[in-house]
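Right, one structure below, let's go through it.
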Amino acid sequence: ALYVQKAFTITVLDVKEAPVSIKLTSTSAQLSFATNSPTINENSVRNTVVGTIVAADPDHNAKMTFSLDDSAGGRFKIDASGGVCKPASSSDPNTVTLCSVRVLVAGVLNHEQDALHTIIVRATDNHGLFKVQRFSVKVVDINDAPHDITSVGGAPRVKENINNQVITSFLTSDEDASHKHTYTITLDPAKKFKIVGSRLMTTSTANLNFEAKSSYTVVIRSTDNGSPAQYFEKTFTVTVVDVNEVPTSISLSGGKIKENSAIDSIIGALSTID
C-alpha cells in the first residue's frame, strides 16, 4: 500500500469569553466572614466596607466594570473609585485575570427592620460580556440606644408640701424590645427629687412650696442593659401644684375696751397669717 502524509498546523483562535465567577470576600471588610457569606453591623455609617468582590476572567489583560443590579433598595453600592485587575497566579485556565472592587454601605441598615438583604453583582468585561451573582448580606444586631423617655400620665405634677410622694413613672422607647432600663437623675440643682425603680418621687426633705417656687427642671437618664450599655437623656419640668393651706397664726391689735362701752364698739383688729 502506498500513502502520503503531511503535517498541518492548526491555529486556535482566541474567542473573548465572559467572566466565569464572582466571589465576595471579607478582604478590607468591617467584619470577617466566610467567602460569599457577607455580614455587616447594623447602623454602620455610609461608605463602610462590606467586603471585596473578586471576579475571574479566562482572557488575558481583561478589564472589568462592576455594578449592582439589585442594591437592596439603595443600601449598598460599588466603590466609585473603581476596580483593580491583575494576572491570576492560579494554574486554572479559566482564571487568567482577576478583578476586584469593594462593596460599601450606602443607606440605613436596621437589624430590627430587616436582618437579611439581597444584592446582585454584575461584572462586565471590556468586550461587553458579563456575569451576575446574587449574595445575601446578613445585618448583625448591635445594641441600639434608647430613643425616648415618656412620663406616664402626662407632664409631671406634684402637690406642694408632700415629701416622699410619687410624681410619675417612666417608660423608655427602645428598638431592642427585650431590653430593661435603669433610670437616674443627672440634673436636679435643687436636690428635691429621687428615682425609685422607674418612679420619680420627692425626697424626704423636699418641702416643695408653690408660693416659693412653682416648677423645677430635672434631667432623666434611661440606660439599657445591652452590651455595651447605651443611654438616652430627656429634660422634664415638674410642676408644683398649689393647695389650700391652713392659716398659721391669728393676731389681735388693740384688745382693750372701756367698761360700759356701747354695743358694737371696736375692741381691735384681727389679722391672719396664711
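Quick note on naming: the chains in the C-alpha cells go A, B, ... in the order shown, residues restart at 1 in each chain, and ligands are numbered from 1 in order of appearance.
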Neighbour list for Gly226 of chain A as a PDB file with N, CA, C and O atoms, in the first residue's frame, cut-off 8 Å, only C-alpha atoms, skip fewer than 3 positions in-chain:
```
ATOM      1  N   ASN A 143     -26.330  46.702  69.951  1.00  0.00           N
ATOM      2  CA  ASN A 143     -27.183  47.371  70.932  1.00  0.00           C
ATOM      3  C   ASN A 143     -27.542  48.777  70.464  1.00  0.00           C
ATOM      4  O   ASN A 143     -26.670  49.628  70.285  1.00  0.00           O
ATOM      5  N   HIS A 179     -34.894  44.678  75.996  1.00  0.00           N
ATOM      6  CA  HIS A 179     -34.007  45.302  76.971  1.00  0.00           C
ATOM      7  C   HIS A 179     -34.768  45.885  78.158  1.00  0.00           C
ATOM      8  O   HIS A 179     -35.895  46.357  78.034  1.00  0.00           O
ATOM      9  N   ALA A 229     -23.595  49.082  77.227  1.00  0.00           N
ATOM     10  CA  ALA A 229     -24.822  49.777  77.614  1.00  0.00           C
ATOM     11  C   ALA A 229     -24.937  51.112  76.878  1.00  0.00           C
ATOM     12  O   ALA A 229     -23.942  51.790  76.636  1.00  0.00           O
ATOM     13  N   GLN A 230     -26.168  51.454  76.513  1.00  0.00           N
ATOM     14  CA  GLN A 230     -26.447  52.725  75.842  1.00  0.00           C
ATOM     15  C   GLN A 230     -27.499  53.483  76.660  1.00  0.00           C
ATOM     16  O   GLN A 230     -28.266  52.869  77.413  1.00  0.00           O
TER      17      GLN A 230
END
```
Any chance you could tabulate, as a tab-separated table, the residues of segment 240-271 of chain A at most 12 Å from segment 157-168 of chain A with each one's nearest atom pair and distance in Å to one decimal, using only C-alpha atoms, in chain and rising number order?
```
residue	atom	partner	partner_atom	distance
A:Val240	CA	A:Val158	CA	5.2
A:Val241	CA	A:Lys159	CA	4.5
A:Asp242	CA	A:Glu160	CA	6.1
A:Val243	CA	A:Glu160	CA	6.7
A:Asn244	CA	A:Glu160	CA	9.8
A:Glu245	CA	A:Asn161	CA	9.4
A:Val246	CA	A:Asn161	CA	11.9
```
Quick one: residues within 8 Å of Ala155 of chain A, only C-alpha atoms, excluding same-chain residues fewer than 4 positions away - as a list in words?
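Returned residues: Ser151, Phe236, Thr237 and Val238 of chain A.
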Would you mind exporting the chosen residues as an mmCIF file, in the first residue's frame, restricted to N, CA and C atoms?
```
data_model
loop_
_atom_site.group_PDB
_atom_site.id
_atom_site.type_symbol
_atom_site.label_atom_id
_atom_site.label_comp_id
_atom_site.auth_asym_id
_atom_site.auth_seq_id
_atom_site.Cartn_x
_atom_site.Cartn_y
_atom_site.Cartn_z
ATOM 1 N N SER A 151 -43.179 60.205 80.276
ATOM 2 C CA SER A 151 -43.757 60.308 81.608
ATOM 3 C C SER A 151 -45.185 59.780 81.553
ATOM 4 N N PHE A 236 -37.305 67.121 81.859
ATOM 5 C CA PHE A 236 -38.703 67.233 82.260
ATOM 6 C C PHE A 236 -38.872 68.433 83.196
ATOM 7 N N THR A 237 -40.012 69.075 83.093
ATOM 8 C CA THR A 237 -40.376 70.137 84.016
ATOM 9 C C THR A 237 -41.420 69.604 84.985
ATOM 10 N N VAL A 238 -41.102 69.645 86.280
ATOM 11 C CA VAL A 238 -42.024 69.198 87.325
ATOM 12 C C VAL A 238 -42.793 70.410 87.831
#
```
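Using only C-alpha atoms, the shortest contact distance between Phe210 of chain A and any of A:Glu259, A:Thr239, A:Tyr231, A:Thr150 is found at A:Thr239.
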Quick one: which segment 162-242 of chain A residues come within 10 Å of segment 110-129 of chain A, and what is the nearest atom pair for each with the distance in Å to one decimal, counting only C-alpha atoms, rows ordered by chain and ascending number, as a tab-separated table?
```
residue	atom	partner	partner_atom	distance
A:Glu175	CA	A:Glu112	CA	7.1
A:Asp176	CA	A:Glu112	CA	7.7
A:Ala177	CA	A:Glu112	CA	9.5
```
Write the residues you've just listed into a file as a tab-separated table (two decimals), in the first residue's frame, and include N, CA, C and O atoms for each of them.
```
chain	number	residue	atom	x	y	z
A	175	GLU	N	-35.53	50.29	70.37
A	175	GLU	CA	-35.72	49.31	69.30
A	175	GLU	C	-35.46	47.89	69.77
A	175	GLU	O	-36.05	46.94	69.25
A	176	ASP	N	-34.56	47.74	70.74
A	176	ASP	CA	-34.30	46.43	71.30
A	176	ASP	C	-35.37	46.16	72.36
A	176	ASP	O	-35.20	46.46	73.54
A	177	ALA	N	-36.48	45.57	71.91
A	177	ALA	CA	-37.67	45.46	72.75
A	177	ALA	C	-37.45	44.63	74.01
A	177	ALA	O	-38.16	44.81	75.00
```
Residue list (strand (DSSP E), DSSP) for segment 17-255 of chain A, as an NGL selection string:
:A and (21-25 or 39-41 or 49-57 or 64-70 or 76-78 or 84-87 or 97-105 or 116-125 or 130-140 or 148-151 or 157-159 or 166-173 or 181-187 or 193-196 or 199-202 or 215-224 or 231-241 or 249-254)
What's around Val49 of chain A at 9 Å? Count only C-alpha atoms, leave out sequence neighbours fewer than 2 positions away in its own chain, and write the answer as a PyMOL selection string.
chain A and resi 28-31+40+46-47+51-52+79+102-105
Generate a file of the selected residues that holds all heavy atoms, formatted as a JSON list (two decimals), in the first residue's frame.
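Resulting contents of again.json:
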```json
[["chain", "number", "residue", "atom", "x", "y", "z"],
["A", 28, "SER", "N", -10.62, 43.66, 53.51],
["A", 28, "SER", "CA", -10.88, 45.07, 53.83],
["A", 28, "SER", "C", -12.24, 45.30, 54.49],
["A", 28, "SER", "O", -12.64, 46.44, 54.70],
["A", 28, "SER", "CB", -10.79, 45.95, 52.56],
["A", 28, "SER", "OG", -9.53, 45.84, 51.95],
["A", 29, "ALA", "N", -12.96, 44.22, 54.83],
["A", 29, "ALA", "CA", -14.32, 44.37, 55.35],
["A", 29, "ALA", "C", -14.32, 44.76, 56.82],
["A", 29, "ALA", "O", -13.35, 44.58, 57.55],
["A", 29, "ALA", "CB", -15.09, 43.07, 55.17],
["A", 30, "GLN", "N", -15.48, 45.30, 57.24],
["A", 30, "GLN", "CA", -15.67, 45.64, 58.66],
["A", 30, "GLN", "C", -15.60, 44.40, 59.54],
["A", 30, "GLN", "O", -14.99, 44.40, 60.60],
["A", 30, "GLN", "CB", -17.03, 46.32, 58.84],
["A", 30, "GLN", "CG", -17.40, 46.67, 60.27],
["A", 30, "GLN", "CD", -18.87, 47.01, 60.40],
["A", 30, "GLN", "OE1", -19.72, 46.13, 60.30],
["A", 30, "GLN", "NE2", -19.18, 48.28, 60.60],
["A", 31, "LEU", "N", -16.23, 43.30, 59.06],
["A", 31, "LEU", "CA", -16.28, 42.05, 59.81],
["A", 31, "LEU", "C", -15.66, 40.93, 58.98],
["A", 31, "LEU", "O", -15.73, 40.95, 57.76],
["A", 31, "LEU", "CB", -17.72, 41.68, 60.15],
["A", 31, "LEU", "CG", -18.52, 42.69, 60.97],
["A", 31, "LEU", "CD1", -19.96, 42.22, 61.12],
["A", 31, "LEU", "CD2", -17.90, 42.91, 62.35],
["A", 40, "ILE", "N", -22.49, 42.48, 58.09],
["A", 40, "ILE", "CA", -22.20, 43.88, 58.36],
["A", 40, "ILE", "C", -23.01, 44.30, 59.59],
["A", 40, "ILE", "O", -24.14, 43.86, 59.76],
["A", 40, "ILE", "CB", -22.55, 44.77, 57.14],
["A", 40, "ILE", "CG1", -22.12, 46.23, 57.36],
["A", 40, "ILE", "CG2", -24.02, 44.68, 56.78],
["A", 40, "ILE", "CD1", -20.65, 46.46, 57.22],
["A", 46, "ARG", "N", -22.34, 55.25, 56.27],
["A", 46, "ARG", "CA", -22.15, 55.15, 54.83],
["A", 46, "ARG", "C", -20.67, 55.06, 54.48],
["A", 46, "ARG", "O", -19.84, 55.67, 55.13],
["A", 46, "ARG", "CB", -22.81, 56.35, 54.13],
["A", 46, "ARG", "CG", -24.33, 56.26, 54.11],
["A", 46, "ARG", "CD", -24.96, 57.54, 53.60],
["A", 46, "ARG", "NE", -26.40, 57.40, 53.40],
["A", 46, "ARG", "CZ", -27.30, 57.44, 54.35],
["A", 46, "ARG", "NH1", -26.91, 57.62, 55.61],
["A", 46, "ARG", "NH2", -28.59, 57.30, 54.09],
["A", 47, "ASN", "N", -20.39, 54.29, 53.46],
["A", 47, "ASN", "CA", -19.03, 54.04, 52.95],
["A", 47, "ASN", "C", -18.24, 53.03, 53.80],
["A", 47, "ASN", "O", -17.06, 52.80, 53.52],
["A", 47, "ASN", "CB", -18.23, 55.33, 52.77],
["A", 47, "ASN", "CG", -18.83, 56.22, 51.70],
["A", 47, "ASN", "OD1", -19.28, 55.75, 50.67],
["A", 47, "ASN", "ND2", -18.84, 57.52, 51.96],
["A", 51, "GLY", "N", -17.31, 44.28, 51.96],
["A", 51, "GLY", "CA", -16.40, 43.23, 51.51],
["A", 51, "GLY", "C", -15.83, 43.57, 50.16],
["A", 51, "GLY", "O", -16.09, 44.65, 49.60],
["A", 52, "THR", "N", -15.04, 42.66, 49.63],
["A", 52, "THR", "CA", -14.39, 42.88, 48.33],
["A", 52, "THR", "C", -14.86, 41.81, 47.34],
["A", 52, "THR", "O", -14.75, 40.61, 47.61],
["A", 52, "THR", "CB", -12.86, 42.83, 48.46],
["A", 52, "THR", "OG1", -12.43, 43.87, 49.34],
["A", 52, "THR", "CG2", -12.20, 43.02, 47.10],
["A", 79, "ASP", "N", -17.84, 50.65, 45.17],
["A", 79, "ASP", "CA", -16.87, 51.72, 45.41],
["A", 79, "ASP", "C", -16.65, 52.50, 44.11],
["A", 79, "ASP", "O", -16.25, 51.94, 43.09],
["A", 79, "ASP", "CB", -15.56, 51.11, 45.89],
["A", 79, "ASP", "CG", -14.57, 52.16, 46.38],
["A", 79, "ASP", "OD1", -14.78, 53.35, 46.12],
["A", 79, "ASP", "OD2", -13.58, 51.76, 47.04],
["A", 102, "ARG", "N", -14.54, 47.00, 45.88],
["A", 102, "ARG", "CA", -15.18, 46.93, 47.20],
["A", 102, "ARG", "C", -16.67, 47.24, 47.11],
["A", 102, "ARG", "O", -17.11, 48.07, 46.30],
["A", 102, "ARG", "CB", -14.50, 47.90, 48.16],
["A", 102, "ARG", "CG", -13.02, 47.62, 48.36],
["A", 102, "ARG", "CD", -12.40, 48.51, 49.44],
["A", 102, "ARG", "NE", -12.57, 49.92, 49.13],
["A", 102, "ARG", "CZ", -12.22, 50.92, 49.93],
["A", 102, "ARG", "NH1", -11.67, 50.65, 51.09],
["A", 102, "ARG", "NH2", -12.40, 52.17, 49.57],
["A", 103, "VAL", "N", -17.44, 46.58, 47.99],
["A", 103, "VAL", "CA", -18.85, 46.89, 48.18],
["A", 103, "VAL", "C", -18.97, 47.72, 49.46],
["A", 103, "VAL", "O", -18.41, 47.35, 50.50],
["A", 103, "VAL", "CB", -19.71, 45.61, 48.31],
["A", 103, "VAL", "CG1", -21.17, 45.97, 48.56],
["A", 103, "VAL", "CG2", -19.58, 44.77, 47.06],
["A", 104, "LEU", "N", -19.71, 48.83, 49.38],
["A", 104, "LEU", "CA", -19.81, 49.76, 50.51],
["A", 104, "LEU", "C", -21.26, 49.90, 50.98],
["A", 104, "LEU", "O", -22.20, 49.65, 50.23],
["A", 104, "LEU", "CB", -19.29, 51.14, 50.10],
["A", 104, "LEU", "CG", -17.91, 51.21, 49.44],
["A", 104, "LEU", "CD1", -17.58, 52.65, 49.06],
["A", 104, "LEU", "CD2", -16.84, 50.65, 50.37],
["A", 105, "VAL", "N", -21.39, 50.33, 52.23],
["A", 105, "VAL", "CA", -22.71, 50.69, 52.75],
["A", 105, "VAL", "C", -23.14, 52.02, 52.13],
["A", 105, "VAL", "O", -22.35, 52.97, 52.05],
["A", 105, "VAL", "CB", -22.67, 50.81, 54.29],
["A", 105, "VAL", "CG1", -24.00, 51.34, 54.83],
["A", 105, "VAL", "CG2", -22.34, 49.47, 54.92]]
```
Between atom CA of Thr172 of chain A and atom CA of Ile195 of chain A, what is the distance, to one decimal in Å?
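If I compute the distance from atom CA of Thr172 of chain A to atom CA of Ile195 of chain A, I get 14.7 Å.
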Polymer residues at most 12 Å from segment 261-271 of chain A, only C-alpha atoms, same-chain spacing of 2 or more positions, as a list in words
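These residues fall inside the cut-off: Pro247, Thr248, Ser249, Ile250, Ser251, Leu252, Ser253, Gly254, Gly255, Lys256, Ile257, Lys258, Glu259, Ile273 and Asp274 of chain A.
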Counting only C-alpha atoms, what is within 6 Å of Pro146 of chain A, bar same-chain residues fewer than 5 positions away, as a list in words?
Ser173, Asp174, Tyr231 and Phe232 of chain A
What lies within 9 Å of Ile220 of chain A using only C-alpha atoms, ignoring chain neighbours under 3 positions off, as a ChimeraX atom specification?
/A:149,183-187,232-236
Requested write-out: N, CA, C and O atoms of the selected residues, as a short mmCIF file (atom, residue, chain, number, x, y, z; two decimals), in the first residue's frame:
```
data_model
loop_
_atom_site.label_atom_id
_atom_site.label_comp_id
_atom_site.auth_asym_id
_atom_site.auth_seq_id
_atom_site.Cartn_x
_atom_site.Cartn_y
_atom_site.Cartn_z
N ILE A 149 -37.97 58.86 76.34
CA ILE A 149 -38.48 58.57 77.68
C ILE A 149 -39.83 59.26 77.79
O ILE A 149 -39.96 60.45 77.47
N TYR A 183 -33.15 53.92 85.52
CA TYR A 183 -33.35 55.36 85.48
C TYR A 183 -32.52 56.06 86.55
O TYR A 183 -32.42 55.57 87.69
N THR A 184 -31.95 57.17 86.18
CA THR A 184 -31.20 58.01 87.12
C THR A 184 -31.50 59.47 86.82
O THR A 184 -31.92 59.82 85.72
N ILE A 185 -31.28 60.31 87.84
CA ILE A 185 -31.39 61.76 87.66
C ILE A 185 -29.99 62.30 87.44
O ILE A 185 -29.10 62.10 88.26
N THR A 186 -29.77 62.99 86.31
CA THR A 186 -28.45 63.55 86.04
C THR A 186 -28.40 65.06 86.27
O THR A 186 -27.32 65.63 86.29
N LEU A 187 -29.57 65.69 86.45
CA LEU A 187 -29.60 67.12 86.76
C LEU A 187 -30.80 67.39 87.66
O LEU A 187 -31.95 67.16 87.28
N PHE A 232 -30.18 57.25 77.03
CA PHE A 232 -30.85 58.42 76.45
C PHE A 232 -31.24 59.33 77.60
O PHE A 232 -31.65 58.86 78.67
N GLU A 233 -31.12 60.64 77.39
CA GLU A 233 -31.48 61.61 78.42
C GLU A 233 -32.58 62.54 77.92
O GLU A 233 -32.61 62.88 76.73
N LYS A 234 -33.45 62.94 78.83
CA LYS A 234 -34.54 63.84 78.47
C LYS A 234 -34.81 64.78 79.64
O LYS A 234 -34.77 64.38 80.81
N THR A 235 -35.13 66.03 79.31
CA THR A 235 -35.44 67.04 80.32
C THR A 235 -36.94 67.10 80.58
O THR A 235 -37.74 67.12 79.64
N PHE A 236 -37.30 67.12 81.86
CA PHE A 236 -38.70 67.23 82.26
C PHE A 236 -38.87 68.43 83.20
O PHE A 236 -37.97 68.73 83.99
#
```
